[in-house]
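J.: Here's a structure for you.
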Amino acid sequence: MKKLQFKKEIKAAAEKVYDAMLGISAIETYQQWTAEFNPSSTYEGSWEKGAKIYFIGTGENGKKGGMVAEIAENIPFQFVSIRHYGILDGDNEITEGPDVEKWAGGLENYSFHENNGLTTVTVDCDVTEEYVDFFNTAWPKALNALKALVE
């Protein structure tokens with residue numbers, strides 16, 4: 001896997017950015033910025049450390065799919081670490097096999113650093129080679145959407 005990093009400065013308190021990014025107060029804020037990855041993007045589950053969470057969307061075939069993950073760490077307003085370990089295919093959770101092995105153990109980390117009302121969001125993520133171009137395009141757009149939502 002390749003490691004990618006994206007950063008965005010947002011004129012808002014880290015607490016507000018964290019809340020909107022994770023959809024804590026309203027899941028719609030998460031859905032708005034993640035629409036850059038998939039227009040139907042959402043999640044099911046909890047952001048609590050140790051919790052299972054599904055990152056889901058509807059595919060081109062109209063079928064629900066996505067990633068199965070665990071919240072490896074969540075320090076509110078500072079740091080969130082997501083460890084991907086499976087694929088959601090419809091209602092089936094797949095945690096073994098060649099498609100899963102490419103992603104298994106991959107991390108997606110969000111860091112929030114606030115200084116004088118300006119929060120820098122840093123996203124570090126492990127990505128398979130086939131998705132590098134997609135994420136290099138989608139993440140900057142998604143962070144711009146988050147910025148527009150929060151400021």
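Following the order of the structure tokens, first chain is A, next is B, and so on, with residues numbered from 1 inside each chain and ligands from 1 in the order they appear.
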Name the residues of chain A that fall into alpha helix (DSSP H) according to DSSP on the backbone, using the chain letters and numbers of this document, as a ChimeraX atom specification.
T.: /A:14-22,27-34,98-101,132-150
J.: Using DSSP assignments from the backbone, pull out every residue in chain A that falls under strand (DSSP E) and give it to me as a VMD selection string.
T.: chain A and resid 2 to 10 42 to 45 52 to 58 64 to 75 79 to 89 92 to 94 107 to 115 118 to 127
J.: For segment 117-126 of chain A, please output as a list in words all residues within 7 Å (counting only C-alpha atoms; exclusion window: fewer than 4 positions along the same chain).
T.: Met1, Lys2, Lys3, Leu4, Gln5, Phe6, Lys7, Lys8, Glu9, Ile10, Lys11, Ala12, Ala13, Ala14, Gly106, Leu107, Glu108, Asn109, Tyr110, Ser111, Phe112 and His113 of chain A
J.: Determine the nearest neighbour of Thr42 of chain A from the options A:Glu15, A:Glu114, A:Glu28, A:Asp133, counting only C-alpha atoms.
T.: A:Glu28
J.: Just want the 8 Å neighbourhood of segment 82-90 of chain A, counted on only C-alpha atoms, with same-chain residues fewer than 6 positions away dropped. Output as a list of chain:residue names.
T.: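 Returned residues: A:Tyr54, A:Ile56, A:Lys63, A:Lys64, A:Gly65, A:Gly66, A:Met67, A:Val68, A:Ala69, A:Glu70, A:Ile71, A:Ala72, A:Glu73, A:Glu96, A:Val100, A:Trp103, A:Ala104, A:Gly105, A:Gly106, A:Leu107, A:Glu108, A:Asn109.
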J.: Nearest to Pro39 of chain A among A:Ala26, A:Ala142, A:Thr58, A:Val150, with distances taken over only C-alpha atoms: which residue is it?
T.: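 Residue with the minimum atom-to-atom distance to Pro39 of chain A: A:Thr58.
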J.: Can you pull out every residue within 9 Å of Ala145 of chain A, counting only C-alpha atoms, but drop anything in the same chain fewer than 2 positions away, and send it as a ChimeraX atom specification?
T.: /A:32-36,140-143,147-150
J.: Could the residues in this selection be saved with C-alpha atoms as a compact mmCIF listing (two decimals), in the first residue's frame?
T.:
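Now in part05.txt:
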# COMPACT_ATOMS: atom_id res chain seq x y z
CA GLN A 32 -21.94 16.22 2.60
CA TRP A 33 -18.14 16.23 2.48
CA THR A 34 -17.79 12.51 1.73
CA ALA A 35 -20.11 12.85 -1.27
CA GLU A 36 -16.88 13.62 -3.16
CA PRO A 140 -8.63 17.51 -1.86
CA LYS A 141 -12.21 18.01 -3.12
CA ALA A 142 -13.62 16.40 0.04
CA LEU A 143 -11.50 18.59 2.32
CA LYS A 147 -13.98 23.63 4.75
CA ALA A 148 -16.95 25.19 2.95
CA LEU A 149 -19.33 23.39 5.31
CA VAL A 150 -17.60 24.47 8.52
